[in-house]
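Shown next, in structure tokens, is the structure this report addresses.
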There are 2 protein chains.
Amino acid sequence: MTKAADGRLARGEARKTLLLDAAVRIVGEQGAGALTHRAVAAGAAVSLASVTYHYPSIDDLRQATFEHAGSRIGLEFLALVTRTASQPDALPELCGDFTAHLVADRRTDAIAVFEMILAAGHDPELGPVKRLLDQRLARLLEPYVGSEAAALTVTAAMQGLVLTALAPDPARDPQWLRGAVSDLIRRYRATPRPGDSSWTRS
Amino acid sequence: MTKAADGRLARGEARKTLLLDAAVRIVGEQGAGALTHRAVAAGAAVSLASVTYHYPSIDDLRQATFEHAGSRIGLEFLALVTRTASQPDALPELCGDFTAHLVADRRTDAIAVFEMILAAGHDPELGPVKRLLDQRLARLLEPYVGSEAAALTVTAAMQGLVLTALAPDPARDPQWLRGAVSDLIRRYRATPRPGDSSWTRS
DNA sequence: AAAGTAGCGGTACATTGGTACCGTAAGTTA
DNA sequence: TAACTTACGGTACCAATGTACCGCTACTTT
């Protein structure tokens, strides 16, 4: 065989993960503007050259960071929904819990994802990354809300709720997001039955 | 009276508006990271010192830019809702039109507002600015959706829809946002009547 | 063993951008 | 008219940053 296991490559991949974890933390805590080669090097306690070696240009670093953050959130959400596939009625509450925890923990990867979404507005290169994430999230909701179009709408609306909850507001109930998200999803449930009490809010 | 009209002050205010208009355009087109004293000076065709005179630090410039963008959108939305106060049933469609136009025109002030919202996540100084805008928007929807809490939820969800629509996606129907927004608001209408055909989607 | 390559530390250079400073013209107040 | 203030234009300094380059080490292939 022409290629065997290269210990160096494995080490490189591990280093990349280390760098991207640090990068996501930086973006989440200080915004996309703070993402620099040097900041990542300092955050991961490695040399500048190690960062520029794996991500030569700042655009490389940005894109990889956003993909990393997006895939982390996406996979976690996938795990959640898969876990509850047997109990579709619990989906609204579970999504509420999921997003509430995301915000309560000030998960830097969640914030980083929004930085990416926004950057996609004026950086065409990031558009596909955002669309892929949206489609993954929407597909999980599709069985519950009925159509792909409705799933995309709910996905986008959920992002809006999370975005608002991310801005600290001492006057707002910390549990607001949980209720708002579950309520939102419930309102988009497919085939509403007018007599169903779970359709209208209690 | 100790103070009379100072022509210099009036000129300064006019210059400030000129600067902020350029600043909003820059943020909307290139993101918050591109907002620099020099970029604004170039965009407004004035000297660098003129920008640093009115906004000595970059934080001053950022905050003023975000307030400027937020108030522009807020006032426009206020005008829309006020204009239609006599026909509350038309609100969903009008909001759909409003947001659709915002995105279709790639309104830089709209994009700038989102940059602000996101920046408020890690910049406490911008929190109040965002809250003020949200409250203004929510108050306009409150009569329609019934409660302040629901109005805030709809406001946040709308922002999510606009945010998604701002990222260019050739595969998505340009009219998607209009329908999604009006549908969203309709789903949050107060005291839904199950038999009403406008409640369920056609 | 020889050659090649991935990973990475160190250094350096040019650019960008925040900010300070100086001077001046025009308008305002005393 | 004299003093004062606003609103600049011009210039410069310094820190941060993107990026290129050199060289060394360890691992892999031949």
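Residues in the structure tokens are numbered from 1 in each chain, the chains being A, B, ... in the order shown, and ligands are numbered from 1 in the order shown.
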Kindly determine which residues of chain B lie within 8 Å of chain A, considering only C-alpha atoms, and give the answer as a PyMOL selection string.
chain B and resi 29-31+33+114-115+117-122+124+127+131+153+156-161+163-164+166-169+180+187-188+194
Limited to N, CA and C atoms, could you put the picked residues into a file as an mmCIF file, in the first residue's frame?
data_model
loop_
_atom_site.group_PDB
_atom_site.id
_atom_site.type_symbol
_atom_site.label_atom_id
_atom_site.label_comp_id
_atom_site.auth_asym_id
_atom_site.auth_seq_id
_atom_site.Cartn_x
_atom_site.Cartn_y
_atom_site.Cartn_z
ATOM 1 N N GLU B 29 -22.253 46.720 4.369
ATOM 2 C CA GLU B 29 -21.659 46.093 3.193
ATOM 3 C C GLU B 29 -20.478 45.202 3.534
ATOM 4 N N GLN B 30 -19.718 45.563 4.553
ATOM 5 C CA GLN B 30 -18.491 44.830 4.818
ATOM 6 C C GLN B 30 -18.398 44.277 6.233
ATOM 7 N N GLY B 31 -19.439 44.498 7.022
ATOM 8 C CA GLY B 31 -19.410 43.969 8.369
ATOM 9 C C GLY B 31 -18.852 44.945 9.375
ATOM 10 N N GLY B 33 -16.500 44.657 11.351
ATOM 11 C CA GLY B 33 -15.048 44.679 11.422
ATOM 12 C C GLY B 33 -14.415 45.707 10.507
ATOM 13 N N PHE B 114 -28.245 44.109 12.734
ATOM 14 C CA PHE B 114 -27.929 42.760 13.191
ATOM 15 C C PHE B 114 -26.501 42.665 13.697
ATOM 16 N N GLU B 115 -25.617 43.363 13.057
ATOM 17 C CA GLU B 115 -24.250 43.398 13.570
ATOM 18 C C GLU B 115 -24.272 43.938 14.999
ATOM 19 N N ILE B 117 -26.853 43.796 17.125
ATOM 20 C CA ILE B 117 -27.482 42.819 18.011
ATOM 21 C C ILE B 117 -26.468 41.776 18.452
ATOM 22 N N LEU B 118 -25.695 41.334 17.499
ATOM 23 C CA LEU B 118 -24.702 40.319 17.804
ATOM 24 C C LEU B 118 -23.602 40.880 18.691
ATOM 25 N N ALA B 119 -23.162 42.072 18.360
ATOM 26 C CA ALA B 119 -22.114 42.682 19.170
ATOM 27 C C ALA B 119 -22.585 42.902 20.596
ATOM 28 N N ALA B 120 -23.888 43.112 20.763
ATOM 29 C CA ALA B 120 -24.423 43.305 22.107
ATOM 30 C C ALA B 120 -24.215 42.057 22.955
ATOM 31 N N GLY B 121 -24.000 40.919 22.308
ATOM 32 C CA GLY B 121 -23.776 39.683 23.040
ATOM 33 C C GLY B 121 -22.490 39.700 23.836
ATOM 34 N N HIS B 122 -21.504 40.442 23.384
ATOM 35 C CA HIS B 122 -20.243 40.468 24.125
ATOM 36 C C HIS B 122 -19.753 41.893 24.378
ATOM 37 N N PRO B 124 -21.287 44.845 26.609
ATOM 38 C CA PRO B 124 -22.382 45.274 27.495
ATOM 39 C C PRO B 124 -22.892 46.667 27.170
ATOM 40 N N GLY B 127 -25.924 46.653 24.921
ATOM 41 C CA GLY B 127 -27.141 45.993 25.381
ATOM 42 C C GLY B 127 -28.350 46.918 25.427
ATOM 43 N N ARG B 131 -31.996 46.596 23.446
ATOM 44 C CA ARG B 131 -33.259 46.443 24.174
ATOM 45 C C ARG B 131 -34.250 47.518 23.784
ATOM 46 N N THR B 153 -41.460 37.802 21.669
ATOM 47 C CA THR B 153 -41.107 36.553 20.993
ATOM 48 C C THR B 153 -41.212 36.711 19.483
ATOM 49 N N ALA B 156 -38.347 38.767 18.128
ATOM 50 C CA ALA B 156 -37.099 38.017 18.041
ATOM 51 C C ALA B 156 -37.147 37.008 16.892
ATOM 52 N N ALA B 157 -38.284 36.349 16.745
ATOM 53 C CA ALA B 157 -38.411 35.351 15.685
ATOM 54 C C ALA B 157 -38.315 36.015 14.315
ATOM 55 N N MET B 158 -38.944 37.164 14.178
ATOM 56 C CA MET B 158 -38.860 37.910 12.918
ATOM 57 C C MET B 158 -37.411 38.233 12.578
ATOM 58 N N GLN B 159 -36.683 38.629 13.599
ATOM 59 C CA GLN B 159 -35.276 38.947 13.365
ATOM 60 C C GLN B 159 -34.526 37.724 12.844
ATOM 61 N N GLY B 160 -34.883 36.573 13.357
ATOM 62 C CA GLY B 160 -34.245 35.354 12.879
ATOM 63 C C GLY B 160 -34.553 35.098 11.416
ATOM 64 N N LEU B 161 -35.793 35.321 11.034
ATOM 65 C CA LEU B 161 -36.167 35.117 9.632
ATOM 66 C C LEU B 161 -35.418 36.094 8.730
ATOM 67 N N LEU B 163 -32.625 37.540 9.365
ATOM 68 C CA LEU B 163 -31.208 37.184 9.378
ATOM 69 C C LEU B 163 -30.911 36.073 8.383
ATOM 70 N N THR B 164 -31.762 35.070 8.363
ATOM 71 C CA THR B 164 -31.559 33.971 7.417
ATOM 72 C C THR B 164 -31.713 34.463 5.983
ATOM 73 N N LEU B 166 -31.052 37.279 4.852
ATOM 74 C CA LEU B 166 -29.975 38.188 4.452
ATOM 75 C C LEU B 166 -28.806 37.450 3.822
ATOM 76 N N ALA B 167 -28.630 36.193 4.202
ATOM 77 C CA ALA B 167 -27.563 35.411 3.587
ATOM 78 C C ALA B 167 -28.045 34.945 2.219
ATOM 79 N N PRO B 168 -27.370 35.368 1.186
ATOM 80 C CA PRO B 168 -27.845 35.062 -0.164
ATOM 81 C C PRO B 168 -27.896 33.557 -0.407
ATOM 82 N N ASP B 169 -28.996 33.100 -0.928
ATOM 83 C CA ASP B 169 -29.159 31.678 -1.239
ATOM 84 C C ASP B 169 -29.920 31.567 -2.551
ATOM 85 N N ALA B 180 -43.090 33.901 5.060
ATOM 86 C CA ALA B 180 -42.728 33.342 6.358
ATOM 87 C C ALA B 180 -43.059 34.317 7.478
ATOM 88 N N ARG B 187 -49.683 33.237 13.136
ATOM 89 C CA ARG B 187 -49.725 32.131 14.105
ATOM 90 C C ARG B 187 -49.698 32.623 15.538
ATOM 91 N N TYR B 188 -49.315 33.850 15.740
ATOM 92 C CA TYR B 188 -49.266 34.390 17.091
ATOM 93 C C TYR B 188 -50.430 35.331 17.347
ATOM 94 N N PRO B 194 -60.722 29.032 15.745
ATOM 95 C CA PRO B 194 -60.420 27.801 15.001
ATOM 96 C C PRO B 194 -61.086 27.770 13.636
#
Would you kindly report the residues of chain D within 9 Å of chain B, using only C-alpha atoms (C1' of nucleotides), as number ranges by chain?
D: 6-10
Could you write out as a compact mmCIF listing (two decimals) with C-alpha atoms, in the first residue's frame the residues of chain B within 9 Å of chain C, counting only C-alpha atoms (C1' of nucleotides)?
# COMPACT_ATOMS: atom_id res chain seq x y z
CA ASP B 6 -24.47 78.54 16.74
CA GLY B 7 -24.08 77.96 13.05
CA ARG B 8 -21.00 75.91 13.75
CA THR B 36 -12.71 52.22 11.01
CA HIS B 37 -12.14 55.93 11.27
CA ARG B 38 -10.34 55.93 7.99
CA THR B 52 -11.89 61.51 15.05
CA PRO B 56 -12.66 60.29 19.24
CA SER B 57 -12.48 56.59 19.99
CA ILE B 58 -13.53 53.68 17.85
Alpha helix (DSSP H) per DSSP on the backbone: members of stretch 7-174 of chain B, as a ChimeraX atom specification
/B:7-30,37-44,48-54,58-83,91-104,108-119,127-145,148-166
Produce a file of the selected residues containing C-alpha atoms, as a compact mmCIF listing (two decimals), in the first residue's frame.
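Output below, filename result_26.txt:
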# COMPACT_ATOMS: atom_id res chain seq x y z
CA GLY B 7 -24.08 77.96 13.05
CA ARG B 8 -21.00 75.91 13.75
CA LEU B 9 -22.94 73.43 15.86
CA ALA B 10 -25.55 73.00 13.15
CA ARG B 11 -22.83 72.34 10.65
CA GLY B 12 -21.31 69.82 13.02
CA GLU B 13 -24.58 67.95 13.35
CA ALA B 14 -24.94 67.80 9.59
CA ARG B 15 -21.43 66.44 9.34
CA LYS B 16 -22.19 63.85 11.97
CA THR B 17 -25.16 62.61 9.99
CA LEU B 18 -23.01 62.43 6.90
CA LEU B 19 -20.43 60.40 8.78
CA LEU B 20 -22.96 58.02 10.31
CA ASP B 21 -24.65 57.41 6.99
CA ALA B 22 -21.32 56.40 5.56
CA ALA B 23 -20.59 54.30 8.64
CA VAL B 24 -23.86 52.41 8.38
CA ARG B 25 -23.18 51.71 4.73
CA ILE B 26 -19.77 50.32 5.55
CA VAL B 27 -21.05 48.07 8.31
CA GLY B 28 -23.87 46.82 6.15
CA GLU B 29 -21.66 46.09 3.19
CA GLN B 30 -18.49 44.83 4.82
CA HIS B 37 -12.14 55.93 11.27
CA ARG B 38 -10.34 55.93 7.99
CA ALA B 39 -13.00 53.92 6.18
CA VAL B 40 -15.67 56.36 7.29
CA ALA B 41 -13.51 59.31 6.29
CA ALA B 42 -13.02 57.84 2.85
CA GLY B 43 -16.68 56.88 2.53
CA ALA B 44 -17.86 60.35 3.46
CA LEU B 48 -9.62 61.59 9.05
CA ALA B 49 -9.49 64.34 11.66
CA SER B 50 -13.11 65.23 11.03
CA VAL B 51 -14.14 61.71 12.01
CA THR B 52 -11.89 61.51 15.05
CA TYR B 53 -13.07 64.93 16.15
CA HIS B 54 -16.71 63.88 16.39
CA ILE B 58 -13.53 53.68 17.85
CA ASP B 59 -16.06 52.69 20.50
CA ASP B 60 -17.74 56.05 20.20
CA LEU B 61 -17.97 55.55 16.47
CA ARG B 62 -19.38 52.05 16.79
CA GLN B 63 -22.04 52.97 19.30
CA ALA B 64 -23.19 56.01 17.37
CA THR B 65 -23.32 53.97 14.18
CA PHE B 66 -25.46 51.28 15.74
CA GLU B 67 -27.82 53.80 17.31
CA HIS B 68 -28.13 55.52 13.96
CA ALA B 69 -28.95 52.31 12.13
CA GLY B 70 -31.35 51.15 14.81
CA SER B 71 -33.27 54.38 14.92
CA ARG B 72 -33.62 54.46 11.16
CA ILE B 73 -35.16 51.00 11.05
CA GLY B 74 -37.22 51.59 14.15
CA LEU B 75 -38.70 54.82 12.87
CA GLU B 76 -39.54 53.26 9.55
CA PHE B 77 -41.25 50.33 11.20
CA LEU B 78 -43.12 52.70 13.48
CA ALA B 79 -44.40 54.61 10.50
CA LEU B 80 -45.56 51.41 8.88
CA VAL B 81 -47.46 50.15 11.87
CA THR B 82 -48.95 53.52 12.69
CA ARG B 83 -50.17 53.85 9.16
CA LEU B 91 -50.52 43.66 9.84
CA PRO B 92 -49.07 40.24 8.94
CA GLU B 93 -48.95 41.02 5.24
CA LEU B 94 -47.55 44.48 5.83
CA CYS B 95 -44.79 43.17 8.05
CA GLY B 96 -44.02 40.55 5.42
CA ASP B 97 -43.76 43.24 2.79
CA PHE B 98 -41.67 45.43 5.03
CA THR B 99 -39.08 42.80 5.83
CA ALA B 100 -39.04 41.50 2.28
CA HIS B 101 -38.23 44.94 0.96
CA LEU B 102 -35.61 45.41 3.62
CA VAL B 103 -33.79 42.33 2.43
CA ALA B 104 -34.47 42.71 -1.27
CA THR B 108 -27.36 48.30 4.83
CA ASP B 109 -29.03 49.74 7.89
CA ALA B 110 -30.88 46.48 8.44
CA ILE B 111 -27.68 44.48 8.22
CA ALA B 112 -25.96 46.94 10.50
CA VAL B 113 -28.66 46.45 13.09
CA PHE B 114 -27.93 42.76 13.19
CA GLU B 115 -24.25 43.40 13.57
CA MET B 116 -25.25 45.48 16.56
CA ILE B 117 -27.48 42.82 18.01
CA LEU B 118 -24.70 40.32 17.80
CA ALA B 119 -22.11 42.68 19.17
CA GLY B 127 -27.14 45.99 25.38
CA PRO B 128 -29.38 48.96 26.16
CA VAL B 129 -29.38 50.03 22.55
CA LYS B 130 -30.64 46.65 21.44
CA ARG B 131 -33.26 46.44 24.17
CA LEU B 132 -34.64 49.83 23.25
CA LEU B 133 -35.06 48.78 19.65
CA ASP B 134 -36.68 45.48 20.60
CA GLN B 135 -39.11 47.17 22.92
CA ARG B 136 -40.08 49.69 20.31
CA LEU B 137 -40.74 46.98 17.75
CA ALA B 138 -42.55 44.75 20.21
CA ARG B 139 -44.84 47.50 21.41
CA LEU B 140 -46.09 47.92 17.88
CA LEU B 141 -47.01 44.26 17.62
CA GLU B 142 -48.50 44.00 21.07
CA PRO B 143 -52.06 45.02 20.18
CA TYR B 144 -52.12 42.33 17.53
CA VAL B 145 -50.61 39.41 19.39
CA GLU B 148 -46.04 41.92 25.63
CA ALA B 149 -44.32 38.58 26.08
CA ALA B 150 -45.70 37.26 22.81
CA ALA B 151 -44.78 40.48 21.07
CA LEU B 152 -41.17 40.15 22.19
CA THR B 153 -41.11 36.55 20.99
CA VAL B 154 -42.47 37.48 17.60
CA THR B 155 -40.01 40.33 17.34
CA ALA B 156 -37.10 38.02 18.04
CA ALA B 157 -38.41 35.35 15.69
CA MET B 158 -38.86 37.91 12.92
CA GLN B 159 -35.28 38.95 13.37
CA GLY B 160 -34.25 35.35 12.88
CA LEU B 161 -36.17 35.12 9.63
CA VAL B 162 -34.65 38.33 8.34
CA LEU B 163 -31.21 37.18 9.38
CA THR B 164 -31.56 33.97 7.42
CA ALA B 165 -32.92 35.81 4.42
CA LEU B 166 -29.98 38.19 4.45
Which distance in Å separates atom CA of B:Ala5 and atom CA of B:Tyr55, to one decimal?
22.6 Å
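Across the model, the gap from atom CA of A:Arg172 to atom CA of A:Arg186 is 22.1 Å.
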